[in-house]
>>> print(open('work_14.cif').read())   # mmCIF, C-alpha atoms and all ligand atoms
data_input
loop_
_atom_site.label_atom_id
_atom_site.label_comp_id
_atom_site.auth_asym_id
_atom_site.auth_seq_id
_atom_site.Cartn_x
_atom_site.Cartn_y
_atom_site.Cartn_z
CA MET A 1 -20.81 4.97 8.51
CA GLN A 2 -21.35 1.76 6.63
CA SER A 3 -23.70 2.07 3.73
CA LYS A 4 -24.94 -0.43 1.21
CA SER A 5 -26.21 2.38 -0.98
CA ILE A 6 -23.02 4.27 -1.78
CA GLN A 7 -23.08 5.34 -5.41
CA LYS A 8 -20.36 7.97 -5.62
CA ILE A 9 -16.82 7.61 -4.28
CA VAL A 10 -14.07 10.22 -4.26
CA VAL A 11 -10.62 8.69 -3.82
CA ILE A 12 -7.99 11.07 -2.43
CA GLY A 13 -4.62 10.16 -3.89
CA GLY A 14 -3.55 8.57 -7.15
CA GLY A 15 -0.97 6.14 -5.82
CA ILE A 16 -1.31 2.37 -5.99
CA ALA A 17 -3.70 2.32 -3.03
CA GLY A 18 -6.13 4.84 -4.45
CA LEU A 19 -5.94 3.60 -8.01
CA SER A 20 -6.40 -0.07 -7.14
CA LEU A 21 -9.40 0.79 -4.96
CA ALA A 22 -10.83 2.98 -7.72
CA ALA A 23 -10.55 0.08 -10.15
CA ALA A 24 -12.18 -2.31 -7.69
CA VAL A 25 -15.21 -0.12 -6.99
CA GLN A 26 -15.64 1.12 -10.54
CA PRO A 27 -18.06 -1.70 -11.50
CA TRP A 28 -20.61 -0.55 -8.91
CA ALA A 29 -19.84 3.09 -8.09
CA GLU A 30 -19.17 6.34 -9.87
CA VAL A 31 -15.60 7.04 -8.81
CA THR A 32 -13.40 10.14 -9.04
CA VAL A 33 -9.69 10.14 -8.18
CA LEU A 34 -8.18 13.37 -6.83
CA GLU A 35 -4.42 13.74 -7.21
CA ARG A 36 -2.64 16.93 -6.24
CA GLU A 37 0.59 16.24 -8.13
CA PRO A 38 1.05 16.70 -11.89
CA HIS A 39 0.88 12.96 -12.51
CA LEU A 40 -0.20 9.72 -10.87
CA GLY A 41 2.16 7.60 -8.82
CA TYR A 42 4.29 10.62 -7.93
CA HIS A 43 5.20 9.70 -4.34
CA ALA A 44 5.74 6.29 -2.68
CA SER A 45 4.23 4.42 -5.61
CA GLY A 46 6.81 5.94 -7.93
CA ARG A 47 9.60 4.59 -5.71
CA SER A 48 8.56 0.97 -5.44
CA ALA A 49 11.26 -1.58 -6.05
CA ALA A 50 8.60 -3.79 -7.67
CA LEU A 51 9.31 -6.66 -5.30
CA PHE A 52 6.87 -9.30 -4.13
CA SER A 53 8.15 -10.99 -0.99
CA GLU A 54 5.97 -13.55 0.76
CA THR A 55 8.01 -13.28 3.95
CA TYR A 56 7.83 -9.50 4.32
CA GLY A 57 5.84 -8.04 7.20
CA ASN A 58 3.83 -9.47 10.08
CA ALA A 59 1.48 -12.46 9.82
CA LEU A 60 -1.48 -10.40 8.63
CA VAL A 61 0.59 -8.57 6.03
CA ARG A 62 1.94 -11.89 4.80
CA ALA A 63 -1.61 -13.21 4.51
CA LEU A 64 -2.63 -10.11 2.52
CA SER A 65 0.36 -10.58 0.23
CA LEU A 66 -0.32 -14.29 -0.32
CA ALA A 67 -3.96 -13.55 -1.05
CA SER A 68 -2.81 -11.14 -3.78
CA ARG A 69 -0.27 -13.52 -5.32
CA GLN A 70 -2.42 -15.31 -7.88
CA ALA A 71 -4.20 -12.13 -8.98
CA ILE A 72 -0.82 -10.46 -9.52
CA ILE A 73 0.30 -13.38 -11.70
CA ASP A 74 -3.02 -13.66 -13.54
CA GLY A 75 -3.04 -9.91 -14.12
CA GLY A 76 0.32 -10.09 -15.85
CA PHE A 77 2.04 -7.96 -13.20
CA ALA A 78 4.77 -10.53 -12.46
CA ALA A 79 6.96 -10.45 -15.54
CA HIS A 80 9.92 -12.37 -14.17
CA ARG A 81 11.78 -13.59 -11.11
CA ARG A 82 14.86 -11.67 -10.04
CA GLY A 83 17.17 -11.31 -7.09
CA ALA A 84 17.31 -8.26 -4.87
CA LEU A 85 19.85 -6.45 -2.74
CA HIS A 86 18.48 -4.48 0.18
CA VAL A 87 20.44 -1.34 1.01
CA GLY A 88 19.40 0.84 3.94
CA GLY A 89 19.91 4.57 4.48
CA VAL A 90 18.62 7.66 2.70
CA GLU A 91 21.23 10.32 3.46
CA ASP A 92 24.01 11.17 1.01
CA SER A 93 26.66 9.71 3.32
CA ALA A 94 24.71 6.48 3.69
CA ALA A 95 24.26 6.28 -0.08
CA ALA A 96 28.00 6.75 -0.58
CA ILE A 97 28.78 4.00 1.92
CA ALA A 98 26.27 1.73 0.21
CA VAL A 99 27.85 2.35 -3.19
CA ASP A 100 31.32 1.66 -1.77
CA ARG A 101 30.19 -1.60 -0.20
CA ILE A 102 28.45 -2.75 -3.38
CA GLU A 103 31.60 -2.02 -5.41
CA GLN A 104 33.79 -3.86 -2.90
CA ALA A 105 31.55 -6.89 -2.73
CA THR A 106 30.73 -7.17 -6.45
CA SER A 107 32.20 -6.37 -9.84
CA LEU A 108 29.61 -3.62 -10.29
CA ARG A 109 30.91 -0.08 -10.81
CA ILE A 110 28.28 2.43 -9.79
CA GLY A 111 30.29 5.63 -9.48
CA ARG A 112 28.52 8.71 -8.20
CA PRO A 113 24.73 8.50 -8.01
CA SER A 114 23.34 11.28 -10.19
CA THR A 115 20.22 11.73 -8.06
CA PRO A 116 19.97 10.50 -4.47
CA TRP A 117 16.32 9.49 -4.36
CA ALA A 118 14.28 8.50 -1.36
CA GLY A 119 10.65 7.71 -0.76
CA LEU A 120 8.61 7.48 2.40
CA ARG A 121 6.89 4.33 3.54
CA THR A 122 3.83 5.09 5.65
CA PHE A 123 3.34 2.63 8.50
CA SER A 124 0.57 2.44 11.03
CA PRO A 125 1.61 1.94 14.69
CA ASP A 126 1.22 -1.86 14.39
CA ARG A 127 2.73 -1.92 10.88
CA THR A 128 -0.50 -3.31 9.46
CA PRO A 129 -2.57 -1.50 6.82
CA VAL A 130 -5.62 0.48 7.90
CA ILE A 131 -8.85 -0.08 6.02
CA GLY A 132 -12.40 0.76 6.94
CA PHE A 133 -14.79 3.56 7.82
CA ASP A 134 -13.70 6.11 10.37
CA PRO A 135 -16.28 5.91 13.19
CA ARG A 136 -15.86 9.63 13.87
CA LEU A 137 -16.27 10.92 10.31
CA PRO A 138 -19.42 9.77 8.51
CA GLY A 139 -18.63 8.59 5.01
CA PHE A 140 -14.83 8.79 5.43
CA PHE A 141 -13.09 5.52 4.57
CA TRP A 142 -9.44 4.82 5.28
CA LEU A 143 -7.08 2.87 3.03
CA GLY A 144 -3.57 3.57 4.22
CA GLY A 145 -0.52 2.35 6.08
CA GLN A 146 0.73 0.09 3.29
CA GLY A 147 4.27 0.60 4.54
CA GLY A 148 6.86 -1.14 2.41
CA TYR A 149 4.41 -3.65 0.92
CA GLY A 150 1.82 -1.45 -0.74
CA PHE A 151 2.04 -3.04 -4.17
CA GLN A 152 2.06 -6.65 -3.10
CA VAL A 153 -1.02 -6.22 -0.90
CA SER A 154 -2.81 -3.75 -3.18
CA LEU A 155 -5.12 -6.12 -5.04
CA THR A 156 -6.35 -7.74 -1.85
CA LEU A 157 -6.80 -4.42 -0.07
CA ALA A 158 -8.77 -3.13 -3.04
CA ARG A 159 -11.04 -6.19 -2.92
CA LEU A 160 -11.47 -5.70 0.80
CA GLY A 161 -12.24 -2.04 0.31
CA SER A 162 -14.86 -2.83 -2.25
CA VAL A 163 -16.76 -5.20 0.07
CA LEU A 164 -16.31 -3.12 3.23
CA LEU A 165 -17.59 0.01 1.49
CA ARG A 166 -20.78 -1.89 0.71
CA GLY A 167 -21.02 -3.44 4.18
CA GLN A 168 -20.56 -6.93 2.78
CA PRO A 169 -18.81 -9.84 4.52
CA LEU A 170 -15.22 -10.63 3.66
CA PRO A 171 -14.70 -13.17 0.86
CA ASP A 172 -14.19 -16.74 2.11
CA ASP A 173 -10.69 -17.03 0.66
CA LEU A 174 -9.59 -14.09 2.80
CA THR A 175 -11.18 -15.27 6.05
CA ALA A 176 -9.61 -18.69 5.42
CA ARG A 177 -6.23 -16.94 5.61
CA GLY A 178 -7.12 -15.42 8.97
CA ILE A 179 -7.78 -11.95 7.57
CA THR A 180 -10.43 -10.07 9.53
CA SER A 181 -11.88 -6.61 9.08
CA ALA A 182 -11.37 -5.92 12.81
CA ALA A 183 -7.61 -6.42 12.56
CA LEU A 184 -7.48 -3.83 9.78
CA ALA A 185 -10.10 -1.40 11.05
CA PRO A 186 -9.09 2.18 11.91
CA ASN A 187 -10.93 2.03 15.22
CA ARG A 188 -8.20 -0.20 16.64
CA PHE A 189 -6.23 3.02 17.17
CA ILE A 190 -9.08 5.15 18.47
CA THR A 191 -9.32 5.19 22.22
CA PRO A 192 -12.69 6.08 23.71
CA ALA A 193 -12.89 9.69 24.84
CA ALA A 194 -12.16 10.05 28.54
CA THR A 195 -15.33 10.48 30.52
CA PRO A 196 -15.44 13.68 32.58
C1 LIG B 201 11.89 3.08 -1.89
C2 LIG B 201 10.61 2.26 -1.78
C3 LIG B 201 10.58 0.98 -2.29
C4 LIG B 201 9.40 0.21 -2.19
N1 LIG B 201 9.39 -1.05 -2.72
C5 LIG B 201 8.25 -1.78 -2.67
C6 LIG B 201 8.20 -3.07 -3.26
O1 LIG B 201 9.17 -3.55 -3.83
N2 LIG B 201 7.02 -3.76 -3.19
C7 LIG B 201 5.92 -3.25 -2.57
O2 LIG B 201 4.88 -3.92 -2.53
N3 LIG B 201 5.93 -2.03 -2.00
C8 LIG B 201 7.08 -1.28 -2.06
N4 LIG B 201 7.12 -0.04 -1.48
C9 LIG B 201 5.92 0.43 -0.78
C10 LIG B 201 4.92 1.00 -1.75
O3 LIG B 201 5.56 1.78 -2.74
C11 LIG B 201 3.91 1.83 -0.95
O4 LIG B 201 3.36 1.06 0.09
C12 LIG B 201 2.77 2.29 -1.83
O5 LIG B 201 3.28 2.93 -3.00
C13 LIG B 201 1.84 3.22 -1.07
O6 LIG B 201 0.87 3.63 -1.98
P1 LIG B 201 -0.12 4.82 -1.63
O7 LIG B 201 -1.03 4.94 -2.79
O8 LIG B 201 -0.70 4.59 -0.28
O9 LIG B 201 0.81 6.09 -1.46
P2 LIG B 201 1.41 7.10 -2.56
O10 LIG B 201 1.98 6.40 -3.72
O11 LIG B 201 2.30 8.03 -1.81
O12 LIG B 201 0.12 7.86 -3.06
C14 LIG B 201 -0.55 8.80 -2.30
C15 LIG B 201 -0.97 9.90 -3.26
O13 LIG B 201 -1.88 10.77 -2.60
C16 LIG B 201 -1.63 12.07 -3.07
N5 LIG B 201 -2.23 12.96 -2.08
C17 LIG B 201 -1.92 13.07 -0.78
N6 LIG B 201 -2.71 13.98 -0.19
C18 LIG B 201 -3.53 14.45 -1.15
C19 LIG B 201 -4.56 15.40 -1.15
N7 LIG B 201 -4.91 16.04 -0.02
N8 LIG B 201 -5.22 15.64 -2.29
C20 LIG B 201 -4.88 14.98 -3.43
N9 LIG B 201 -3.90 14.05 -3.49
C21 LIG B 201 -3.23 13.80 -2.36
C22 LIG B 201 -0.14 12.15 -3.17
O14 LIG B 201 0.28 13.18 -4.05
C23 LIG B 201 0.20 10.75 -3.71
O15 LIG B 201 0.27 10.72 -5.12
C24 LIG B 201 8.26 0.75 -1.56
C25 LIG B 201 8.29 2.05 -1.07
C26 LIG B 201 9.45 2.81 -1.17
C27 LIG B 201 9.45 4.22 -0.65
#
>>> encode(input="work_14.cif", output="structure tokens")
Amino acid sequence: MQSKSIQKIVVIGGGIAGLSLAAAVQPWAEVTVLEREPHLGYHASGRSAALFSETYGNALVRALSLASRQAIIDGGFAAHRRGALHVGGVEDSAAAIAVDRIEQATSLRIGRPSTPWAGLRTFSPDRTPVIGFDPRLPGFFWLGGQGGYGFQVSLTLARLGSVLLRGQPLPDDLTARGITSAALAPNRFITPAATP
């Protein structure tokens, strides 16, 4: 369902995706955020490494990130530039190997991690976020699959959500980057029911 007359929106989940969308629609809709945990940002959003990488992800993800860049800077979310070391693995043994390698390669002394801590990144099958109305569920709107780049694309996805919820065309600056609603729409994964 696409409606230009939506007045009330219930956002399920108080992570960066839900909260940024809630902020984007708040000027024109009455919005309620439902979060089942004791506080906001409890899951993936509480694990973010706070990185913004323009080269991360496929072409569409990179376009979404680049489209967010200036708003992130203008919003005061980019405090400083810093380097980053990517370490893979979430099991205790992998963490121990990672610590050993860091200590061998650098002068850092990490010792024993007090809390092995992992978070899940939710990817869609094509590793591109999913945003748009579900054609099978009237009034249900998807904003998911932010994978490992949920923060750096969040402001653009929230803008997109705000226009798609109202059935409006995409802003020119996004279409100029090759971003289309079709490439993000949930129906790209929905195969037509087999005819009897
Ligand atoms: C270790 C790690 C490092 C990362 N580093 C970066 C980074 O440097 N830069 C970057 O851009 N991205 C990074 N990411 C990715 C980013 O954190 C995620 O893409 C983003 O947080 C996803 O946000 P979300 O709101 O979709 O999910 P979440 O933060 O998981 O939020 C979903 C919320 O929905 C709630 N919920 C679920 N079901 C219900 C329900 N039925 N009712 C009520 N509430 C419900 C959950 O409790 C949760 O709070 C990283 C991720 C991980 C795991």
>>> closest_residue(input="work_14.cif", among="A:Gly111, A:Gly150, A:Pro129, A:Gly57", to="ligand LIG 201 (chain B)", atoms="all atoms listed in the file")
A:Gly150
>>> atom_distance(input="work_14.cif", atom1="atom C9 of ligand LIG 201 (chain B)", atom2="atom CA of A:Val130")
14.4 Å
>>> residues_near_ligand(input="work_14.cif", ligand="ligand LIG 201 (chain B)", cutoff="8 Å", atoms="all atoms listed in the file", output="JSON, numbers by chain")
{"A": [12, 13, 14, 15, 16, 17, 18, 19, 34, 35, 36, 37, 39, 40, 41, 42, 43, 44, 45, 46, 47, 48, 49, 50, 51, 52, 53, 118, 119, 120, 121, 122, 143, 144, 145, 146, 147, 148, 149, 150, 151, 152, 153, 154]}
>>> write_last_selection(input="work_14.cif", atoms="C-alpha atoms", output="PDB file, in the frame of the given file")
ATOM      1  CA  ILE A  12      -7.990  11.070  -2.430  1.00  0.00           C
ATOM      2  CA  GLY A  13      -4.620  10.160  -3.890  1.00  0.00           C
ATOM      3  CA  GLY A  14      -3.550   8.570  -7.150  1.00  0.00           C
ATOM      4  CA  GLY A  15      -0.970   6.140  -5.820  1.00  0.00           C
ATOM      5  CA  ILE A  16      -1.310   2.370  -5.990  1.00  0.00           C
ATOM      6  CA  ALA A  17      -3.700   2.320  -3.030  1.00  0.00           C
ATOM      7  CA  GLY A  18      -6.130   4.840  -4.450  1.00  0.00           C
ATOM      8  CA  LEU A  19      -5.940   3.600  -8.010  1.00  0.00           C
ATOM      9  CA  LEU A  34      -8.180  13.370  -6.830  1.00  0.00           C
ATOM     10  CA  GLU A  35      -4.420  13.740  -7.210  1.00  0.00           C
ATOM     11  CA  ARG A  36      -2.640  16.930  -6.240  1.00  0.00           C
ATOM     12  CA  GLU A  37       0.590  16.240  -8.130  1.00  0.00           C
ATOM     13  CA  HIS A  39       0.880  12.960 -12.510  1.00  0.00           C
ATOM     14  CA  LEU A  40      -0.200   9.720 -10.870  1.00  0.00           C
ATOM     15  CA  GLY A  41       2.160   7.600  -8.820  1.00  0.00           C
ATOM     16  CA  TYR A  42       4.290  10.620  -7.930  1.00  0.00           C
ATOM     17  CA  HIS A  43       5.200   9.700  -4.340  1.00  0.00           C
ATOM     18  CA  ALA A  44       5.740   6.290  -2.680  1.00  0.00           C
ATOM     19  CA  SER A  45       4.230   4.420  -5.610  1.00  0.00           C
ATOM     20  CA  GLY A  46       6.810   5.940  -7.930  1.00  0.00           C
ATOM     21  CA  ARG A  47       9.600   4.590  -5.710  1.00  0.00           C
ATOM     22  CA  SER A  48       8.560   0.970  -5.440  1.00  0.00           C
ATOM     23  CA  ALA A  49      11.260  -1.580  -6.050  1.00  0.00           C
ATOM     24  CA  ALA A  50       8.600  -3.790  -7.670  1.00  0.00           C
ATOM     25  CA  LEU A  51       9.310  -6.660  -5.300  1.00  0.00           C
ATOM     26  CA  PHE A  52       6.870  -9.300  -4.130  1.00  0.00           C
ATOM     27  CA  SER A  53       8.150 -10.990  -0.990  1.00  0.00           C
ATOM     28  CA  ALA A 118      14.280   8.500  -1.360  1.00  0.00           C
ATOM     29  CA  GLY A 119      10.650   7.710  -0.760  1.00  0.00           C
ATOM     30  CA  LEU A 120       8.610   7.480   2.400  1.00  0.00           C
ATOM     31  CA  ARG A 121       6.890   4.330   3.540  1.00  0.00           C
ATOM     32  CA  THR A 122       3.830   5.090   5.650  1.00  0.00           C
ATOM     33  CA  LEU A 143      -7.080   2.870   3.030  1.00  0.00           C
ATOM     34  CA  GLY A 144      -3.570   3.570   4.220  1.00  0.00           C
ATOM     35  CA  GLY A 145      -0.520   2.350   6.080  1.00  0.00           C
ATOM     36  CA  GLN A 146       0.730   0.090   3.290  1.00  0.00           C
ATOM     37  CA  GLY A 147       4.270   0.600   4.540  1.00  0.00           C
ATOM     38  CA  GLY A 148       6.860  -1.140   2.410  1.00  0.00           C
ATOM     39  CA  TYR A 149       4.410  -3.650   0.920  1.00  0.00           C
ATOM     40  CA  GLY A 150       1.820  -1.450  -0.740  1.00  0.00           C
ATOM     41  CA  PHE A 151       2.040  -3.040  -4.170  1.00  0.00           C
ATOM     42  CA  GLN A 152       2.060  -6.650  -3.100  1.00  0.00           C
ATOM     43  CA  VAL A 153      -1.020  -6.220  -0.900  1.00  0.00           C
ATOM     44  CA  SER A 154      -2.810  -3.750  -3.180  1.00  0.00           C
TER      45      SER A 154
END
>>> atom_distance(input="work_14.cif", atom1="atom CA of A:Val31", atom2="atom CA of A:Ile9")
4.7 Å
>>> residues_around(input="work_14.cif", residues="A:Leu165", least_positions_apart="4", cutoff="12 Å", atoms="only C-alpha atoms", output="PyMOL selection string")
chain A and resi 1-9+21-22+24-25+28-29+131-134+139-143+157-161+169-170+181
>>> atom_distance(input="work_14.cif", atom1="atom CA of A:Thr191", atom2="atom CA of A:Tyr56")
28.8 Å
>>> closest_residue(input="work_14.cif", among="A:Leu64, A:Leu164, A:Ala105, A:Ala98", to="A:Ala176", atoms="all atoms listed in the file")
A:Leu64
>>> closest_residue(input="work_14.cif", among="A:Pro135, A:Thr156, A:Thr55, A:Leu108", to="A:Ala71", atoms="only C-alpha atoms")
A:Thr156
>>> closest_residue(input="work_14.cif", among="A:Gly83, A:Thr180, A:Pro27, A:Arg112", to="A:Ala95", atoms="all atoms listed in the file")
A:Arg112
